[in-house]
>>> print(open('work10.txt').read())   # compact mmCIF, C-alpha atoms
# COMPACT_ATOMS: atom_id res chain seq x y z
CA MET A 25 197.43 24.23 107.53
CA ALA A 26 196.45 27.93 107.38
CA SER A 27 194.70 27.48 104.02
CA THR A 28 192.65 24.58 105.44
CA LYS A 29 191.56 26.76 108.35
CA LYS A 30 190.64 29.59 105.96
CA PHE A 31 188.64 27.12 103.83
CA HIS A 32 186.68 25.91 106.85
CA GLU A 33 186.01 29.49 107.99
CA THR A 34 184.69 30.35 104.51
CA ASP A 35 182.62 27.16 104.44
CA ASN A 36 181.18 27.92 107.90
CA PHE A 37 180.36 31.48 106.85
CA GLU A 38 178.62 30.29 103.67
CA ASN A 39 176.61 27.68 105.57
CA ALA A 40 175.63 30.24 108.22
CA ILE A 41 174.57 32.86 105.67
CA ARG A 42 172.50 30.23 103.79
CA GLU A 43 170.74 29.27 107.01
CA TYR A 44 170.10 32.90 107.97
CA LEU A 45 168.84 33.70 104.45
CA LYS A 46 166.39 30.83 104.83
CA GLN A 47 165.32 32.17 108.26
CA GLY A 48 164.91 35.67 106.84
CA LYS A 49 162.69 34.34 104.03
CA GLU A 50 160.58 32.36 106.49
CA LYS A 51 160.23 35.41 108.75
CA LEU A 52 159.20 37.57 105.79
CA ASP A 53 156.75 34.91 104.54
CA LYS A 54 155.15 34.05 107.90
CA GLU A 55 155.53 36.93 110.34
CA LEU A 56 156.02 40.18 108.50
CA GLN A 57 152.87 40.67 106.45
CA GLY A 58 153.05 44.44 106.93
CA THR A 59 156.59 44.51 105.60
CA ARG A 60 155.57 42.45 102.56
CA GLU A 61 152.68 44.81 101.84
CA ALA A 62 154.95 47.86 102.25
CA ILE A 63 157.42 46.34 99.79
CA LYS A 64 154.62 45.83 97.25
CA LEU A 65 153.46 49.44 97.64
CA ILE A 66 157.01 50.72 97.24
CA ALA A 67 157.43 48.59 94.10
CA LYS A 68 154.26 50.08 92.59
CA ASP A 69 155.53 53.59 93.36
CA LYS A 70 158.94 52.79 91.86
CA THR A 71 157.24 51.44 88.73
CA LYS A 72 155.33 54.72 88.36
CA GLU A 73 158.52 56.71 88.96
CA PHE A 74 160.29 54.65 86.29
CA MET A 75 157.54 55.36 83.76
CA GLN A 76 157.68 59.08 84.54
CA ALA A 77 161.47 59.30 84.45
CA MET A 78 161.71 57.37 81.20
CA ASP A 79 158.64 59.13 79.78
CA LYS A 80 157.46 55.71 78.69
CA GLY A 81 154.12 54.05 79.17
CA LEU A 82 153.96 50.40 80.09
CA ASP A 83 151.02 48.10 79.54
CA LYS A 84 149.52 46.22 82.48
CA ASP A 85 151.67 43.09 82.01
CA GLU A 86 154.86 45.14 81.75
CA ARG A 87 153.96 47.12 84.89
CA GLU A 88 153.22 43.92 86.80
CA PHE A 89 156.48 42.36 85.61
CA LEU A 90 158.57 45.39 86.61
CA SER A 91 156.79 45.60 89.96
CA ALA A 92 157.35 41.85 90.59
CA LEU A 93 161.04 42.27 89.72
CA ILE A 94 161.36 45.11 92.22
CA VAL A 95 159.50 43.11 94.90
CA SER A 96 161.77 40.12 94.34
CA SER A 97 164.87 42.28 94.65
CA MET A 98 163.60 43.91 97.83
CA TYR A 99 162.74 40.52 99.36
CA GLN A 100 166.25 39.31 98.55
CA SER A 101 167.77 42.47 100.05
CA PHE A 102 165.72 42.00 103.20
CA CYS A 103 166.90 38.39 103.56
CA TYR A 104 170.55 39.32 103.04
CA GLY A 105 170.26 42.17 105.53
CA TYR A 106 168.65 39.82 108.04
CA GLY A 107 171.36 37.20 107.53
CA ILE A 108 174.24 39.64 107.75
CA GLY A 109 172.73 41.21 110.87
CA LYS A 110 172.51 37.76 112.49
CA ILE A 111 176.14 36.99 111.65
CA GLU A 112 177.31 40.40 112.90
CA GLY A 113 175.38 39.86 116.12
CA ARG A 114 176.87 36.42 116.59
CA THR A 115 180.46 37.36 115.76
CA ASN A 116 180.45 40.99 116.93
CA ASN A 117 182.25 41.85 113.64
CA LYS A 118 181.14 43.95 110.68
CA ILE A 119 180.51 41.98 107.50
CA TYR A 120 181.39 43.52 104.15
CA LEU A 121 180.27 41.93 100.90
>>> encode(input="work10.txt", output="structure tokens")
Amino acid sequence: MASTKKFHETDNFENAIREYLKQGKEKLDKELQGTREAIKLIAKDKTKEFMQAMDKGLDKDEREFLSALIVSSMYQSFCYGYGIGKIEGRTNNKIYL
């Protein structure tokens, strides 16, 4: 019986985090234009820092690809942070991944 309860708790957590990830993405897409723009600026700066640190030039397509990769990662991090914050607020427990 205990393993069934644990399974349902895990299933509930996964469903909740999926829903909150979706909410975080919607919030980022619809309400937080300033945050999206800041993320893009940070990604451009990180791309420049990468080129300087590696002492390697990148052509325009490579710079855009690296910047888009950084933006995507930052968006995903935002959504996970949003979702975890919502779960912590709801459960009053710290979540560790």
>>> residues_around(input="work10.txt", residues="stretch 80-95 of chain A", least_positions_apart="5", cutoff="7 Å", atoms="only C-alpha atoms", output="mmCIF file with C-alpha atoms, in the coordinates of the input")
data_model
loop_
_atom_site.group_PDB
_atom_site.id
_atom_site.type_symbol
_atom_site.label_atom_id
_atom_site.label_comp_id
_atom_site.auth_asym_id
_atom_site.auth_seq_id
_atom_site.Cartn_x
_atom_site.Cartn_y
_atom_site.Cartn_z
ATOM 1 C CA ILE A 63 157.420 46.340 99.790
ATOM 2 C CA LYS A 64 154.620 45.830 97.250
ATOM 3 C CA ALA A 67 157.430 48.590 94.100
ATOM 4 C CA LYS A 68 154.260 50.080 92.590
ATOM 5 C CA THR A 71 157.240 51.440 88.730
ATOM 6 C CA MET A 75 157.540 55.360 83.760
#
>>> atom_distance(input="work10.txt", atom1="atom CA of A:Gly113", atom2="atom CA of A:Glu61")
27.3 Å
>>> residues_around(input="work10.txt", residues="A:Tyr120", least_positions_apart="3", cutoff="12 Å", atoms="only C-alpha atoms", output="PDB file with C-alpha atoms, keeping the file's coordinate frame")
ATOM      1  CA  TYR A 104     170.550  39.320 103.040  1.00  0.00           C
ATOM      2  CA  GLY A 105     170.260  42.170 105.530  1.00  0.00           C
ATOM      3  CA  ILE A 108     174.240  39.640 107.750  1.00  0.00           C
ATOM      4  CA  GLY A 109     172.730  41.210 110.870  1.00  0.00           C
ATOM      5  CA  ILE A 111     176.140  36.990 111.650  1.00  0.00           C
ATOM      6  CA  GLU A 112     177.310  40.400 112.900  1.00  0.00           C
ATOM      7  CA  ASN A 117     182.250  41.850 113.640  1.00  0.00           C
TER       8      ASN A 117
END
>>> atom_distance(input="work10.txt", atom1="atom CA of A:Cys103", atom2="atom CA of A:Glu43")
10.5 Å
>>> closest_residue(input="work10.txt", among="A:Gln47, A:Glu38, A:Asp79, A:Tyr99", to="A:Thr59", atoms="all atoms listed in the file")
A:Tyr99
>>> closest_residue(input="work10.txt", among="A:Gln76, A:Gln57, A:Tyr106, A:Leu65", to="A:Leu45", atoms="all atoms listed in the file")
A:Tyr106
>>> atom_distance(input="work10.txt", atom1="atom CA of A:Thr34", atom2="atom CA of A:Arg114")
15.6 Å
>>> closest_residue(input="work10.txt", among="A:Glu50, A:Asn39, A:Leu56, A:Met98", to="A:Lys70", atoms="only C-alpha atoms")
A:Met98
>>> closest_residue(input="work10.txt", among="A:Ile119, A:Ala77, A:Leu52, A:Ala62", to="A:Phe102", atoms="all atoms listed in the file")
A:Leu52
>>> build_atoms(input="work10.txt", residues="stretch 95-119 of chain A", atoms="N, CA and C atoms", output="CSV table (one decimal), keeping the file's coordinate frame")
chain,number,residue,atom,x,y,z
A,95,VAL,N,159.9,43.8,93.7
A,95,VAL,CA,159.5,43.1,94.9
A,95,VAL,C,160.5,42.0,95.2
A,96,SER,N,160.8,41.2,94.2
A,96,SER,CA,161.8,40.1,94.3
A,96,SER,C,163.1,40.6,94.8
A,97,SER,N,163.6,41.7,94.2
A,97,SER,CA,164.9,42.3,94.6
A,97,SER,C,164.8,42.8,96.1
A,98,MET,N,163.7,43.4,96.5
A,98,MET,CA,163.6,43.9,97.8
A,98,MET,C,163.5,42.8,98.8
A,99,TYR,N,162.8,41.7,98.5
A,99,TYR,CA,162.7,40.5,99.4
A,99,TYR,C,164.1,40.0,99.6
A,100,GLN,N,164.9,39.8,98.5
A,100,GLN,CA,166.2,39.3,98.6
A,100,GLN,C,167.1,40.2,99.4
A,101,SER,N,167.0,41.5,99.2
A,101,SER,CA,167.8,42.5,100.0
A,101,SER,C,167.4,42.3,101.5
A,102,PHE,N,166.1,42.2,101.8
A,102,PHE,CA,165.7,42.0,103.2
A,102,PHE,C,166.4,40.8,103.8
A,103,CYS,N,166.3,39.7,103.1
A,103,CYS,CA,166.9,38.4,103.6
A,103,CYS,C,168.4,38.5,103.8
A,104,TYR,N,169.1,39.1,102.8
A,104,TYR,CA,170.6,39.3,103.0
A,104,TYR,C,170.8,40.2,104.2
A,105,GLY,N,170.1,41.3,104.4
A,105,GLY,CA,170.3,42.2,105.5
A,105,GLY,C,170.0,41.4,106.8
A,106,TYR,N,169.0,40.6,106.9
A,106,TYR,CA,168.6,39.8,108.0
A,106,TYR,C,169.8,38.9,108.4
A,107,GLY,N,170.3,38.2,107.3
A,107,GLY,CA,171.4,37.2,107.5
A,107,GLY,C,172.7,37.8,108.0
A,108,ILE,N,173.0,38.9,107.4
A,108,ILE,CA,174.2,39.6,107.8
A,108,ILE,C,174.1,40.2,109.2
A,109,GLY,N,173.0,40.7,109.5
A,109,GLY,CA,172.7,41.2,110.9
A,109,GLY,C,172.9,40.1,111.9
A,110,LYS,N,172.4,38.9,111.6
A,110,LYS,CA,172.5,37.8,112.5
A,110,LYS,C,174.0,37.4,112.7
A,111,ILE,N,174.7,37.3,111.6
A,111,ILE,CA,176.1,37.0,111.6
A,111,ILE,C,176.9,38.1,112.4
A,112,GLU,N,176.6,39.3,112.2
A,112,GLU,CA,177.3,40.4,112.9
A,112,GLU,C,177.0,40.3,114.4
A,113,GLY,N,175.8,40.0,114.7
A,113,GLY,CA,175.4,39.9,116.1
A,113,GLY,C,176.1,38.7,116.8
A,114,ARG,N,176.2,37.6,116.0
A,114,ARG,CA,176.9,36.4,116.6
A,114,ARG,C,178.4,36.6,116.7
A,115,THR,N,179.0,37.3,115.8
A,115,THR,CA,180.5,37.4,115.8
A,115,THR,C,181.0,38.7,116.3
A,116,ASN,N,180.1,39.7,116.5
A,116,ASN,CA,180.4,41.0,116.9
A,116,ASN,C,181.5,41.6,116.0
A,117,ASN,N,181.4,41.3,114.7
A,117,ASN,CA,182.2,41.8,113.6
A,117,ASN,C,181.4,42.4,112.5
A,118,LYS,N,181.8,43.4,111.9
A,118,LYS,CA,181.1,44.0,110.7
A,118,LYS,C,181.4,43.0,109.5
A,119,ILE,N,180.4,42.8,108.7
A,119,ILE,CA,180.5,42.0,107.5
A,119,ILE,C,180.4,42.9,106.3
